[in-house]
file entry_32.cif (mmCIF, C-alpha atoms)
data_structure
#
loop_
_atom_site.label_atom_id
_atom_site.label_comp_id
_atom_site.auth_asym_id
_atom_site.auth_seq_id
_atom_site.Cartn_x
_atom_site.Cartn_y
_atom_site.Cartn_z
CA MET A 1 34.38 69.31 15.98
CA THR A 2 32.66 71.46 13.35
CA GLU A 3 33.79 74.98 12.42
CA ASP A 4 30.71 76.40 14.13
CA GLU A 5 31.56 74.51 17.31
CA VAL A 6 35.17 75.76 17.21
CA GLY A 7 33.90 79.29 16.71
CA ARG A 8 31.80 79.05 19.88
CA LEU A 9 34.66 77.92 22.12
CA ASP A 10 35.75 80.27 24.88
CA ASP A 11 39.42 81.28 24.97
CA GLN A 12 40.52 78.54 27.37
CA ALA A 13 38.76 75.77 25.48
CA PHE A 14 40.07 77.20 22.22
CA ALA A 15 43.66 77.17 23.56
CA GLU A 16 43.27 73.51 24.54
CA TRP A 17 41.76 72.65 21.15
CA LEU A 18 44.61 74.43 19.35
CA ALA A 19 47.26 72.57 21.35
CA GLU A 20 45.54 69.26 20.60
CA GLN A 21 45.29 70.00 16.87
CA ALA A 22 48.97 70.91 16.65
CA GLY A 23 49.87 67.83 18.66
CA THR A 24 47.96 65.56 16.30
CA ALA A 25 49.78 67.09 13.34
CA LEU A 26 53.17 66.66 15.03
CA THR A 27 52.65 63.02 15.95
CA GLY A 28 51.52 62.32 12.39
CA LEU A 29 54.61 64.04 11.01
CA ARG A 30 56.83 62.04 13.36
CA ASP A 31 55.25 58.79 12.20
CA ARG A 32 55.54 59.64 8.50
CA GLN A 33 59.04 61.14 8.46
CA GLY A 34 60.80 58.93 10.98
CA PHE A 35 63.96 59.74 12.92
CA ALA A 36 66.77 59.11 10.43
CA ASP A 37 67.37 62.85 9.85
CA ALA A 38 66.92 64.62 13.20
CA ALA A 39 67.62 68.11 11.86
CA ALA A 40 65.05 67.75 9.09
CA LEU A 41 62.45 66.42 11.52
CA LYS A 42 63.01 69.31 13.92
CA ALA A 43 62.66 71.90 11.14
CA ALA A 44 59.58 70.24 9.70
CA GLY A 45 57.94 70.02 13.12
CA ASP A 46 58.56 73.67 13.94
CA GLN A 47 57.20 74.80 10.57
CA ALA A 48 54.15 72.53 10.45
CA SER A 49 52.97 73.38 13.97
CA HIS A 50 53.60 77.12 13.52
CA GLU A 51 51.64 77.21 10.28
CA LEU A 52 48.74 75.26 11.75
CA LEU A 53 48.51 77.43 14.87
CA THR A 54 48.84 80.78 13.09
CA ALA A 55 46.33 79.78 10.41
CA ALA A 56 43.80 78.74 13.06
CA LEU A 57 44.33 81.96 15.00
CA ALA A 58 43.88 84.01 11.82
CA ARG A 59 40.68 82.08 11.08
CA TRP A 60 39.03 82.19 14.52
CA ARG A 61 40.75 85.06 16.36
CA PRO A 62 41.58 87.50 13.52
CA ALA A 63 41.62 90.62 15.70
CA ASP A 64 44.28 89.23 18.05
CA ALA A 65 48.05 89.53 17.69
CA VAL A 66 50.43 86.57 17.81
CA LEU A 67 53.93 86.14 19.24
CA SER A 68 55.38 82.84 18.02
CA GLU A 69 58.89 81.47 18.45
CA GLU A 70 58.94 80.76 14.72
CA GLU A 71 58.24 84.33 13.56
CA ALA A 72 61.11 86.12 11.85
CA ASP A 73 61.24 88.96 14.40
CA SER A 74 60.28 86.91 17.45
CA ARG A 75 63.57 87.44 19.31
CA ARG A 76 63.93 91.10 18.49
CA ALA A 77 64.14 93.57 21.36
CA TRP A 78 62.04 96.50 20.18
CA SER A 79 62.97 100.03 21.17
CA THR A 80 60.42 102.54 22.39
CA GLY A 81 60.55 104.27 19.00
CA GLU A 82 59.51 101.16 17.09
CA ARG A 83 56.26 99.26 17.00
CA ALA A 84 55.55 95.57 16.76
CA ALA A 85 51.85 94.95 16.21
CA ARG A 86 51.58 92.96 19.42
CA LEU A 87 52.71 95.95 21.51
CA ASP A 88 49.53 97.84 20.64
CA ALA A 89 47.21 94.84 20.73
CA ASP A 90 44.61 94.25 23.43
CA ARG A 91 45.07 90.48 23.16
CA VAL A 92 48.20 88.53 22.19
CA TRP A 93 48.49 84.78 21.69
CA ILE A 94 51.95 83.63 22.82
CA ILE A 95 52.80 80.29 21.26
CA ASP A 96 55.66 77.84 21.12
CA PRO A 97 54.72 75.51 18.26
CA LEU A 98 57.20 72.85 19.36
CA ASP A 99 58.82 73.01 22.79
CA GLY A 100 61.61 70.43 23.00
CA THR A 101 62.70 69.93 19.41
CA ARG A 102 65.57 67.70 20.52
CA GLU A 103 63.20 65.37 22.33
CA PHE A 104 60.73 65.48 19.42
CA SER A 105 63.46 64.27 17.05
CA GLU A 106 64.45 61.27 19.20
CA SER A 107 62.55 58.00 18.92
CA GLY A 108 60.74 56.99 22.08
CA ARG A 109 60.90 60.41 23.76
CA THR A 110 57.62 61.76 25.10
CA ASP A 111 58.92 64.89 26.88
CA TRP A 112 58.09 67.52 24.26
CA ALA A 113 55.13 69.85 24.05
CA VAL A 114 53.01 72.49 22.31
CA HIS A 115 52.38 75.81 24.13
CA VAL A 116 49.37 78.06 23.56
CA ALA A 117 48.69 81.05 25.85
CA LEU A 118 46.64 84.23 25.69
CA TRP A 119 47.78 87.54 27.24
CA GLN A 120 45.20 90.28 27.74
CA ARG A 121 45.98 93.94 28.41
CA SER A 122 42.94 94.60 30.59
CA ALA A 123 43.65 91.69 32.94
CA GLY A 124 46.15 93.61 35.10
CA PRO A 125 48.32 96.72 35.36
CA ASP A 126 50.88 95.05 33.07
CA GLY A 127 48.38 92.79 31.38
CA ALA A 128 48.18 89.13 32.37
CA LEU A 129 47.82 85.62 31.06
CA VAL A 130 44.12 84.72 30.85
CA ALA A 131 44.23 81.31 29.13
CA GLY A 132 46.82 78.65 28.53
CA ALA A 133 47.27 75.05 27.43
CA VAL A 134 50.23 72.71 27.18
CA GLY A 135 49.80 69.76 24.89
CA MET A 136 52.04 66.73 25.38
CA PRO A 137 51.17 64.82 22.21
CA ALA A 138 53.28 61.74 22.89
CA ARG A 139 51.53 61.17 26.22
CA SER A 140 47.95 60.14 26.75
CA THR A 141 45.18 60.25 29.32
CA PRO A 142 43.76 57.04 30.86
CA ASP A 143 41.01 57.03 28.21
CA GLY A 144 43.57 57.20 25.39
CA ARG A 145 43.23 60.88 24.46
CA GLN A 146 46.24 63.09 23.82
CA LEU A 147 47.35 64.72 27.08
CA VAL A 148 46.56 68.44 27.16
CA LEU A 149 46.75 70.37 30.43
CA GLY A 150 44.70 73.53 30.81
CA THR A 151 44.19 75.99 33.63
CA GLY A 152 41.66 73.86 35.50
CA HIS A 153 43.97 71.13 36.76
CA PRO A 154 43.52 70.45 40.50
CA THR A 155 46.35 71.11 42.92
CA PRO A 156 48.13 67.80 43.60
CA ALA A 157 48.60 66.59 47.16
CA ALA A 158 51.98 67.21 48.80
CA LEU A 159 54.25 64.21 49.32
CA ASP A 160 56.66 63.53 52.16
CA GLY A 161 60.36 63.28 51.43
CA PRO A 162 63.01 65.48 49.81
CA VAL A 163 62.01 68.28 47.47
CA ARG A 164 61.95 67.00 43.88
CA ILE A 165 63.29 69.53 41.36
CA ALA A 166 62.85 69.06 37.60
CA VAL A 167 66.12 69.67 35.76
CA SER A 168 67.22 69.58 32.14
CA ARG A 169 68.50 66.23 30.88
CA SER A 170 71.07 67.90 28.64
CA ARG A 171 71.65 71.50 29.81
CA PRO A 172 71.00 71.93 33.55
CA PRO A 173 72.01 75.41 34.82
CA ALA A 174 75.17 75.16 36.92
CA PHE A 175 73.57 76.66 40.03
CA VAL A 176 70.84 73.99 40.16
CA GLY A 177 73.33 71.40 41.42
CA GLU A 178 74.23 73.70 44.29
CA LEU A 179 70.55 74.35 44.95
CA VAL A 180 69.83 70.62 45.12
CA GLU A 181 72.68 70.19 47.60
CA LEU A 182 71.59 73.12 49.78
CA LEU A 183 68.05 71.76 50.06
CA GLY A 184 68.92 68.10 50.30
CA ALA A 185 66.66 67.83 47.27
CA ARG A 186 66.42 65.25 44.50
CA ALA A 187 67.02 66.21 40.85
CA VAL A 188 64.58 64.70 38.35
CA PRO A 189 65.87 64.98 34.75
CA MET A 190 63.35 65.55 31.96
CA GLY A 191 62.98 67.32 28.63
CA SER A 192 61.19 70.47 27.54
CA ALA A 193 60.35 73.46 29.75
CA GLY A 194 56.64 72.86 29.31
CA VAL A 195 56.95 69.25 30.42
CA LYS A 196 58.96 70.30 33.49
CA VAL A 197 56.38 72.87 34.59
CA CYS A 198 53.55 70.43 33.95
CA ALA A 199 55.36 67.87 36.11
CA VAL A 200 54.94 70.36 38.99
CA VAL A 201 51.24 70.71 38.14
CA THR A 202 50.65 66.95 38.10
CA GLY A 203 52.70 66.30 41.26
CA GLU A 204 55.51 64.37 39.58
CA VAL A 205 57.94 66.96 40.99
CA ASP A 206 57.69 69.82 43.47
CA ALA A 207 59.56 72.56 41.60
CA TYR A 208 61.20 73.65 38.37
CA VAL A 209 63.97 76.26 38.46
CA HIS A 210 65.64 77.74 35.41
CA ALA A 211 68.10 80.59 34.86
CA GLY A 212 69.81 79.66 31.62
CA GLY A 213 67.93 81.89 29.19
CA GLN A 214 64.37 81.62 27.89
CA TYR A 215 61.82 83.69 25.97
CA GLU A 216 58.19 84.51 26.69
CA TRP A 217 56.88 81.60 24.63
CA ASP A 218 58.93 79.13 26.67
CA SER A 219 56.99 79.85 29.84
CA ALA A 220 53.71 81.65 29.04
CA ALA A 221 51.43 78.64 28.55
CA PRO A 222 53.06 76.48 31.26
CA VAL A 223 52.87 79.38 33.74
CA ALA A 224 49.18 79.93 32.95
CA VAL A 225 48.55 76.23 33.60
CA ALA A 226 50.60 76.29 36.81
CA LEU A 227 48.87 79.38 38.17
CA GLY A 228 45.51 77.81 37.41
CA ALA A 229 46.52 74.84 39.56
CA GLY A 230 47.43 77.12 42.47
CA MET A 231 51.20 76.97 42.02
CA HIS A 232 53.73 79.73 42.66
CA ALA A 233 55.34 81.19 39.51
CA SER A 234 57.90 84.02 39.45
CA ARG A 235 61.36 84.98 38.35
CA VAL A 236 64.16 83.48 40.45
CA ASP A 237 64.38 86.60 42.63
CA GLY A 238 60.65 86.44 43.36
CA SER A 239 59.70 89.29 41.03
CA PRO A 240 56.65 88.92 38.75
CA LEU A 241 56.70 87.31 35.33
CA ARG A 242 55.56 89.87 32.76
CA TYR A 243 54.58 89.14 29.18
CA ASN A 244 54.18 91.04 25.89
CA ARG A 245 57.20 93.21 26.63
CA LEU A 246 59.43 95.19 24.32
CA ASP A 247 62.12 92.54 24.74
CA PRO A 248 60.66 89.00 24.62
CA ARG A 249 63.50 87.55 26.67
CA LEU A 250 62.27 86.17 29.99
CA PRO A 251 65.41 84.33 30.99
CA ASP A 252 64.66 82.80 34.38
CA LEU A 253 61.78 81.05 36.08
CA LEU A 254 60.66 79.40 39.31
CA VAL A 255 57.50 77.29 39.39
CA CYS A 256 56.81 75.35 42.57
CA ARG A 257 54.27 74.29 45.14
CA PRO A 258 53.19 77.47 46.98
CA GLU A 259 54.32 76.28 50.41
CA LEU A 260 57.87 75.82 49.07
CA ALA A 261 58.25 79.24 47.44
CA ASP A 262 59.94 81.09 50.31
CA GLN A 263 62.31 78.20 51.01
CA LEU A 264 63.30 77.89 47.37
CA LEU A 265 63.71 81.63 46.79
CA ASP A 266 65.94 81.87 49.87
CA ALA A 267 68.04 78.92 48.72
CA ILE A 268 68.34 80.32 45.19
CA ALA A 269 69.62 83.62 46.65
CA ARG A 270 72.15 81.70 48.71
CA THR A 271 73.60 80.05 45.61
CA GLY A 272 74.71 83.50 44.44
CA VAL A 273 73.22 82.96 40.99
CA GLU A 274 73.33 86.18 38.99
CA MET A 275 69.99 87.45 37.81
CA PRO A 276 70.03 87.77 34.01
CA ALA A 277 69.52 91.25 32.65
CA PRO A 278 65.88 92.23 32.98
CA ALA A 279 63.84 91.65 29.87
CA GLY A 280 61.99 94.60 28.43
CA THR A 281 63.54 97.22 30.69
CA GLY A 282 61.75 99.95 28.78
CA ARG A 283 58.12 100.65 29.63
CA ALA A 284 55.90 97.79 28.53
CA PHE A 285 53.05 98.57 26.20
CA GLY A 286 50.59 96.80 28.44
#

call {"tool": "encode", "arguments": {"input": "entry_32.cif", "output": "structure tokens"}}
result
Amino acid sequence: MTEDEVGRLDDQAFAEWLAEQAGTALTGLRDRQGFADAAALKAAGDQASHELLTAALARWRPADAVLSEEEADSRRAWSTGERAARLDADRVWIIDPLDGTREFSESGRTDWAVHVALWQRSAGPDGALVAGAVGMPARSTPDGRQLVLGTGHPTPAALDGPVRIAVSRSRPPAFVGELVELLGARAVPMGSAGVKVCAVVTGEVDAYVHAGGQYEWDSAAPVAVALGAGMHASRVDGSPLRYNRLDPRLPDLLVCRPELADQLLDAIARTGVEMPAPAGTGRAFG
């Protein structure tokens, strides 16, 4: 694709293109560097993808702000007397350059991702996500292209049988085991947050529930993709997911088929899981 063609892409197509470009760079890095030094591979992957994404955004979307996991102040909770540039911006790209660094650093693992989302102030009372893409560079489409899910994925058909809940392979929240038991559900272990949400979108599972601590970049792009496919997405108490807040922590998440939302929210409440402290409790600038 030429520079002129990239410049003419709308925001959704641009998000998908960005995720694909970062994915290509990450798979190339993986091939060149190998897996002998996992820590070095993780660090190199985070840096390379962050630099590629931020350079492309500066080149083709220079007026927009960026919130990236790899920025120095990304985890800072800003007070109302301080200003991060993104808090005054009309448009903010929320990116996770490499979601699932552990999986990325292990040979044979395909459950890692690149997240690219766009938040826009004018899209709702608190702003809203208006574009999103999740690239899964180690997975491919039937025609051999890198797998990138955008907001236009069709809603998968429901399947009979127990509810399938995506859970972390290495760090499942303690309450999820109780939730699985309450529902008579089946736990399906897999890697990164983006891969888990996309598994709901593609119909591999019916739900993903998390309450172990996340940030905006962990869920923004996957949530945009899920909402585009007609899925339910909220915090675990059913309250809305809000982005570009003073505090970028967004520690819990439920993404599921819409017809399961009430059942899952009721069961989550019955587990007695404590809601993490609200993120961005001050007034959002958006």

call {"tool": "residues_around", "arguments": {"input": "entry_32.cif", "residues": "stretch 263-273 of chain A", "least_positions_apart": "3", "cutoff": "7 Å", "atoms": "all atoms listed in the file", "output": "list in words"}}
result
Phe175, Glu178, Leu179, Leu182, Val236, Asp237, Gly238 and Leu260 of chain A

call {"tool": "residues_around", "arguments": {"input": "entry_32.cif", "residues": "stretch 244-259 of chain A", "least_positions_apart": "4", "cutoff": "6 Å", "atoms": "only C-alpha atoms", "output": "PyMOL selection string"}}
result
chain A and resi 77-78+206-211+213-216+231-236+279-280+284

call {"tool": "residues_around", "arguments": {"input": "entry_32.cif", "residues": "stretch 1-7 of chain A", "least_positions_apart": "5", "cutoff": "12 Å", "atoms": "all atoms listed in the file", "output": "list in words"}}
result
Gln12, Ala13, Phe14, Ala15, Glu16, Trp17, Leu18, Gln21, Ala56, Leu57, Arg59, Trp60, Arg61 and Pro62 of chain A

call {"tool": "closest_residue", "arguments": {"input": "entry_32.cif", "among": "A:Gly212, A:Asp111, A:Leu149, A:Gly194", "to": "A:Val176", "atoms": "all atoms listed in the file"}}
result
A:Gly212

call {"tool": "resolve_selection", "arguments": {"input": "entry_32.cif", "expression": "the PyMOL selection byres ((chain A and resi 133) around 12)", "output": "MDAnalysis selection string"}}
result
chainID A and resid 11:23 93:97 113:118 129:132 134:136 147:153 194:195 197:198 217 219:228

call {"tool": "atom_distance", "arguments": {"input": "entry_32.cif", "atom1": "atom CA of A:Pro154", "atom2": "atom CA of A:Val66"}}
result
28.7 Å

call {"tool": "decode", "arguments": {"input": "entry_32.cif", "residues": "stretch 145-159 of chain A", "atoms": "N, CA, C and O atoms", "output": "PDB file, in the first residue's frame"}}
result
ATOM      1  N   ARG A 145      -3.536 -14.756   5.022  1.00  0.00           N
ATOM      2  CA  ARG A 145      -3.213 -13.430   5.547  1.00  0.00           C
ATOM      3  C   ARG A 145      -3.166 -13.460   7.067  1.00  0.00           C
ATOM      4  O   ARG A 145      -3.791 -14.305   7.716  1.00  0.00           O
ATOM      5  N   GLN A 146      -2.425 -12.518   7.627  1.00  0.00           N
ATOM      6  CA  GLN A 146      -2.400 -12.355   9.082  1.00  0.00           C
ATOM      7  C   GLN A 146      -3.817 -12.059   9.581  1.00  0.00           C
ATOM      8  O   GLN A 146      -4.547 -11.280   8.966  1.00  0.00           O
ATOM      9  N   LEU A 147      -4.199 -12.671  10.695  1.00  0.00           N
ATOM     10  CA  LEU A 147      -5.549 -12.482  11.218  1.00  0.00           C
ATOM     11  C   LEU A 147      -5.661 -11.149  11.956  1.00  0.00           C
ATOM     12  O   LEU A 147      -4.956 -10.911  12.942  1.00  0.00           O
ATOM     13  N   VAL A 148      -6.524 -10.279  11.456  1.00  0.00           N
ATOM     14  CA  VAL A 148      -6.826  -9.001  12.097  1.00  0.00           C
ATOM     15  C   VAL A 148      -8.340  -8.884  12.166  1.00  0.00           C
ATOM     16  O   VAL A 148      -9.020  -8.933  11.135  1.00  0.00           O
ATOM     17  N   LEU A 149      -8.879  -8.735  13.373  1.00  0.00           N
ATOM     18  CA  LEU A 149     -10.317  -8.553  13.539  1.00  0.00           C
ATOM     19  C   LEU A 149     -10.624  -7.078  13.720  1.00  0.00           C
ATOM     20  O   LEU A 149     -10.009  -6.398  14.543  1.00  0.00           O
ATOM     21  N   GLY A 150     -11.585  -6.590  12.951  1.00  0.00           N
ATOM     22  CA  GLY A 150     -12.059  -5.224  13.093  1.00  0.00           C
ATOM     23  C   GLY A 150     -13.472  -5.204  13.635  1.00  0.00           C
ATOM     24  O   GLY A 150     -13.975  -6.206  14.164  1.00  0.00           O
ATOM     25  N   THR A 151     -14.138  -4.080  13.466  1.00  0.00           N
ATOM     26  CA  THR A 151     -15.467  -3.908  14.066  1.00  0.00           C
ATOM     27  C   THR A 151     -16.591  -4.464  13.202  1.00  0.00           C
ATOM     28  O   THR A 151     -17.750  -4.399  13.602  1.00  0.00           O
ATOM     29  N   GLY A 152     -16.262  -5.028  12.051  1.00  0.00           N
ATOM     30  CA  GLY A 152     -17.312  -5.517  11.165  1.00  0.00           C
ATOM     31  C   GLY A 152     -17.513  -7.010  11.196  1.00  0.00           C
ATOM     32  O   GLY A 152     -18.180  -7.567  10.312  1.00  0.00           O
ATOM     33  N   HIS A 153     -16.990  -7.690  12.207  1.00  0.00           N
ATOM     34  CA  HIS A 153     -17.126  -9.144  12.259  1.00  0.00           C
ATOM     35  C   HIS A 153     -18.577  -9.523  12.544  1.00  0.00           C
ATOM     36  O   HIS A 153     -19.214  -8.946  13.426  1.00  0.00           O
ATOM     37  N   PRO A 154     -19.123 -10.497  11.830  1.00  0.00           N
ATOM     38  CA  PRO A 154     -20.524 -10.891  12.081  1.00  0.00           C
ATOM     39  C   PRO A 154     -20.687 -11.580  13.425  1.00  0.00           C
ATOM     40  O   PRO A 154     -19.753 -12.196  13.940  1.00  0.00           O
ATOM     41  N   THR A 155     -21.880 -11.488  13.983  1.00  0.00           N
ATOM     42  CA  THR A 155     -22.175 -12.172  15.240  1.00  0.00           C
ATOM     43  C   THR A 155     -22.218 -13.677  14.996  1.00  0.00           C
ATOM     44  O   THR A 155     -22.957 -14.142  14.126  1.00  0.00           O
ATOM     45  N   PRO A 156     -21.434 -14.462  15.742  1.00  0.00           N
ATOM     46  CA  PRO A 156     -21.445 -15.910  15.522  1.00  0.00           C
ATOM     47  C   PRO A 156     -22.743 -16.535  16.044  1.00  0.00           C
ATOM     48  O   PRO A 156     -23.393 -15.999  16.941  1.00  0.00           O
ATOM     49  N   ALA A 157     -23.097 -17.668  15.480  1.00  0.00           N
ATOM     50  CA  ALA A 157     -24.290 -18.378  15.935  1.00  0.00           C
ATOM     51  C   ALA A 157     -24.073 -18.966  17.319  1.00  0.00           C
ATOM     52  O   ALA A 157     -22.954 -19.359  17.680  1.00  0.00           O
ATOM     53  N   ALA A 158     -25.135 -19.010  18.120  1.00  0.00           N
ATOM     54  CA  ALA A 158     -25.063 -19.624  19.449  1.00  0.00           C
ATOM     55  C   ALA A 158     -24.965 -21.136  19.311  1.00  0.00           C
ATOM     56  O   ALA A 158     -25.496 -21.727  18.360  1.00  0.00           O
ATOM     57  N   LEU A 159     -24.274 -21.751  20.270  1.00  0.00           N
ATOM     58  CA  LEU A 159     -24.133 -23.203  20.290  1.00  0.00           C
ATOM     59  C   LEU A 159     -24.820 -23.770  21.518  1.00  0.00           C
ATOM     60  O   LEU A 159     -24.874 -23.128  22.569  1.00  0.00           O
TER      61      LEU A 159
END
